Amino acid sequence: MTTISQRLLDLAAAAPASHDEDLVLLLREANELYQRGFEDQRERVATRCADMPSQDLVSAATAAGLPCDETQDRHELVLLLTLTEWEMTPAALAYREMAESAARRGVCLVPEE
């Protein structure tokens, strides 16, 4: 069984040899996997932080280098922590590089107007 992370890494590895519509298909699948991976990470962070007092959550976000304060709700703080953690995973890094490389080649998921 291939994990989300492994599949993202596989797609990123295949991207340089792909062109045009094939590259768009790879990007589309990678984007969906990126979103699922982020949601899985959000669930893990939310579970880990469920019993954490709000002040500790703010402290954790601040320690991660995120600008935040006590006025932000827990959901927002969990999302900030999730994004910080997810963006540092090999899968997310590979996806970002894949998307940036494709964009330099003139291929992206957002159609031009």
# chains A, B, ... in the order shown; residues from 1 in each chain; ligands from 1
>>> residues_around(residues="A:Arg48", least_positions_apart="6", cutoff="12 Å", atoms="only C-alpha atoms", output="mmCIF file with N, CA and C atoms, in the first residue's frame")
data_model
loop_
_atom_site.group_PDB
_atom_site.id
_atom_site.type_symbol
_atom_site.label_atom_id
_atom_site.label_comp_id
_atom_site.auth_asym_id
_atom_site.auth_seq_id
_atom_site.Cartn_x
_atom_site.Cartn_y
_atom_site.Cartn_z
ATOM 1 N N GLN A 41 -2.622 15.576 8.607
ATOM 2 C CA GLN A 41 -1.754 16.252 9.564
ATOM 3 C C GLN A 41 -2.570 17.112 10.520
ATOM 4 N N ARG A 42 -3.593 17.802 10.007
ATOM 5 C CA ARG A 42 -4.446 18.635 10.854
ATOM 6 C C ARG A 42 -5.135 17.799 11.916
ATOM 7 N N LEU A 57 -1.066 26.409 23.780
ATOM 8 C CA LEU A 57 -1.187 26.360 22.329
ATOM 9 C C LEU A 57 -0.573 27.608 21.696
ATOM 10 N N ALA A 60 3.146 27.233 21.957
ATOM 11 C CA ALA A 60 3.664 26.292 20.960
ATOM 12 C C ALA A 60 3.742 26.961 19.588
ATOM 13 N N VAL A 78 -4.453 25.770 15.635
ATOM 14 C CA VAL A 78 -4.187 24.405 15.171
ATOM 15 C C VAL A 78 -3.850 24.422 13.678
ATOM 16 N N LEU A 81 -0.259 25.716 13.276
ATOM 17 C CA LEU A 81 0.708 24.680 13.649
ATOM 18 C C LEU A 81 0.753 23.568 12.601
ATOM 19 N N THR A 82 -0.409 23.193 12.102
ATOM 20 C CA THR A 82 -0.477 22.147 11.086
ATOM 21 C C THR A 82 0.281 22.561 9.835
#
>>> select_by_dssp(residues="stretch 55-99 of chain A", states="alpha helix (DSSP H)", output="ChimeraX atom specification")
/A:55-63,74-87,90-99
>>> closest_residue(among="A:Ala92, A:Ala64, A:Val110, A:Met98", to="A:Leu23", atoms="only C-alpha atoms")
A:Met98
>>> atom_distance(atom1="atom CA of A:Leu8", atom2="atom CA of A:Glu85")
16.5 Å
>>> residues_around(residues="A:Pro90", least_positions_apart="3", cutoff="10 Å", atoms="only C-alpha atoms", output="MDAnalysis selection string")
chainID A and resid 5:6 8:9 86:87 93:96
>>> closest_residue(among="A:Cys108, A:Ile4, A:Ala13, A:Ala61", to="A:Glu32", atoms="only C-alpha atoms")
A:Ile4
>>> atom_distance(atom1="atom CA of A:Ala15", atom2="atom CA of A:Leu33")
14.8 Å
>>> atom_distance(atom1="atom CA of A:Cys49", atom2="atom CA of A:Asn31")
26.6 Å
>>> decode(residues="stretch 59-93 of chain A", atoms="N, CA and C atoms", output="JSON list (two decimals), in the first residue's frame")
[["chain", "number", "residue", "atom", "x", "y", "z"],
["A", 59, "SER", "N", 1.75, 29.40, 23.07],
["A", 59, "SER", "CA", 3.20, 29.26, 23.30],
["A", 59, "SER", "C", 3.83, 28.32, 22.27],
["A", 60, "ALA", "N", 3.15, 27.23, 21.96],
["A", 60, "ALA", "CA", 3.66, 26.29, 20.96],
["A", 60, "ALA", "C", 3.74, 26.96, 19.59],
["A", 61, "ALA", "N", 2.73, 27.72, 19.24],
["A", 61, "ALA", "CA", 2.72, 28.41, 17.95],
["A", 61, "ALA", "C", 3.84, 29.46, 17.90],
["A", 62, "THR", "N", 4.00, 30.19, 19.00],
["A", 62, "THR", "CA", 5.06, 31.21, 19.07],
["A", 62, "THR", "C", 6.43, 30.55, 18.97],
["A", 63, "ALA", "N", 6.61, 29.42, 19.65],
["A", 63, "ALA", "CA", 7.88, 28.70, 19.60],
["A", 63, "ALA", "C", 8.18, 28.19, 18.19],
["A", 64, "ALA", "N", 7.14, 27.93, 17.42],
["A", 64, "ALA", "CA", 7.31, 27.48, 16.03],
["A", 64, "ALA", "C", 7.58, 28.65, 15.09],
["A", 65, "GLY", "N", 7.62, 29.86, 15.65],
["A", 65, "GLY", "CA", 7.92, 31.03, 14.84],
["A", 65, "GLY", "C", 6.72, 31.67, 14.19],
["A", 66, "LEU", "N", 5.54, 31.34, 14.70],
["A", 66, "LEU", "CA", 4.30, 31.87, 14.12],
["A", 66, "LEU", "C", 3.84, 33.10, 14.89],
["A", 67, "PRO", "N", 3.49, 34.15, 14.18],
["A", 67, "PRO", "CA", 2.95, 35.32, 14.87],
["A", 67, "PRO", "C", 1.52, 35.02, 15.32],
["A", 68, "CYS", "N", 1.30, 35.04, 16.62],
["A", 68, "CYS", "CA", -0.05, 34.76, 17.12],
["A", 68, "CYS", "C", -0.21, 35.38, 18.50],
["A", 69, "ASP", "N", -1.46, 35.38, 18.97],
["A", 69, "ASP", "CA", -1.74, 35.89, 20.31],
["A", 69, "ASP", "C", -2.98, 35.20, 20.85],
["A", 70, "GLU", "N", -3.33, 35.55, 22.08],
["A", 70, "GLU", "CA", -4.45, 34.91, 22.78],
["A", 70, "GLU", "C", -5.81, 35.19, 22.14],
["A", 71, "THR", "N", -5.88, 36.18, 21.25],
["A", 71, "THR", "CA", -7.17, 36.51, 20.63],
["A", 71, "THR", "C", -7.55, 35.54, 19.52],
["A", 72, "GLN", "N", -6.59, 34.76, 19.05],
["A", 72, "GLN", "CA", -6.90, 33.80, 18.00],
["A", 72, "GLN", "C", -7.57, 32.58, 18.60],
["A", 73, "ASP", "N", -8.53, 32.04, 17.86],
["A", 73, "ASP", "CA", -9.22, 30.87, 18.39],
["A", 73, "ASP", "C", -8.37, 29.60, 18.19],
["A", 74, "ARG", "N", -8.73, 28.57, 18.91],
["A", 74, "ARG", "CA", -7.98, 27.31, 18.89],
["A", 74, "ARG", "C", -7.89, 26.73, 17.49],
["A", 75, "HIS", "N", -8.98, 26.79, 16.76],
["A", 75, "HIS", "CA", -9.01, 26.23, 15.41],
["A", 75, "HIS", "C", -7.94, 26.89, 14.54],
["A", 76, "GLU", "N", -7.85, 28.21, 14.61],
["A", 76, "GLU", "CA", -6.86, 28.93, 13.83],
["A", 76, "GLU", "C", -5.44, 28.57, 14.25],
["A", 77, "LEU", "N", -5.21, 28.46, 15.54],
["A", 77, "LEU", "CA", -3.89, 28.09, 16.03],
["A", 77, "LEU", "C", -3.50, 26.68, 15.60],
["A", 78, "VAL", "N", -4.45, 25.77, 15.63],
["A", 78, "VAL", "CA", -4.19, 24.40, 15.17],
["A", 78, "VAL", "C", -3.85, 24.42, 13.68],
["A", 79, "LEU", "N", -4.57, 25.21, 12.90],
["A", 79, "LEU", "CA", -4.27, 25.30, 11.47],
["A", 79, "LEU", "C", -2.87, 25.87, 11.22],
["A", 80, "LEU", "N", -2.49, 26.88, 11.98],
["A", 80, "LEU", "CA", -1.15, 27.46, 11.83],
["A", 80, "LEU", "C", -0.07, 26.43, 12.17],
["A", 81, "LEU", "N", -0.26, 25.72, 13.28],
["A", 81, "LEU", "CA", 0.71, 24.68, 13.65],
["A", 81, "LEU", "C", 0.75, 23.57, 12.60],
["A", 82, "THR", "N", -0.41, 23.19, 12.10],
["A", 82, "THR", "CA", -0.48, 22.15, 11.09],
["A", 82, "THR", "C", 0.28, 22.56, 9.84],
["A", 83, "LEU", "N", 0.03, 23.76, 9.37],
["A", 83, "LEU", "CA", 0.70, 24.23, 8.16],
["A", 83, "LEU", "C", 2.21, 24.24, 8.35],
["A", 84, "THR", "N", 2.66, 24.71, 9.49],
["A", 84, "THR", "CA", 4.09, 24.75, 9.78],
["A", 84, "THR", "C", 4.69, 23.35, 9.74],
["A", 85, "GLU", "N", 4.02, 22.41, 10.38],
["A", 85, "GLU", "CA", 4.53, 21.04, 10.42],
["A", 85, "GLU", "C", 4.46, 20.37, 9.05],
["A", 86, "TRP", "N", 3.33, 20.52, 8.37],
["A", 86, "TRP", "CA", 3.13, 19.86, 7.08],
["A", 86, "TRP", "C", 4.10, 20.39, 6.03],
["A", 87, "GLU", "N", 4.31, 21.68, 6.01],
["A", 87, "GLU", "CA", 5.19, 22.28, 5.00],
["A", 87, "GLU", "C", 6.63, 21.82, 5.12],
["A", 88, "MET", "N", 7.01, 21.24, 6.24],
["A", 88, "MET", "CA", 8.38, 20.77, 6.44],
["A", 88, "MET", "C", 8.54, 19.28, 6.14],
["A", 89, "THR", "N", 7.46, 18.60, 5.76],
["A", 89, "THR", "CA", 7.56, 17.18, 5.43],
["A", 89, "THR", "C", 8.18, 17.01, 4.05],
["A", 90, "PRO", "N", 8.87, 15.90, 3.81],
["A", 90, "PRO", "CA", 9.43, 15.66, 2.48],
["A", 90, "PRO", "C", 8.36, 15.69, 1.38],
["A", 91, "ALA", "N", 7.18, 15.18, 1.68],
["A", 91, "ALA", "CA", 6.11, 15.16, 0.67],
["A", 91, "ALA", "C", 5.68, 16.56, 0.28],
["A", 92, "ALA", "N", 5.47, 17.42, 1.26],
["A", 92, "ALA", "CA", 5.05, 18.79, 0.97],
["A", 92, "ALA", "C", 6.17, 19.56, 0.27],
["A", 93, "LEU", "N", 7.40, 19.35, 0.68],
["A", 93, "LEU", "CA", 8.53, 20.01, 0.02],
["A", 93, "LEU", "C", 8.64, 19.56, -1.43]]
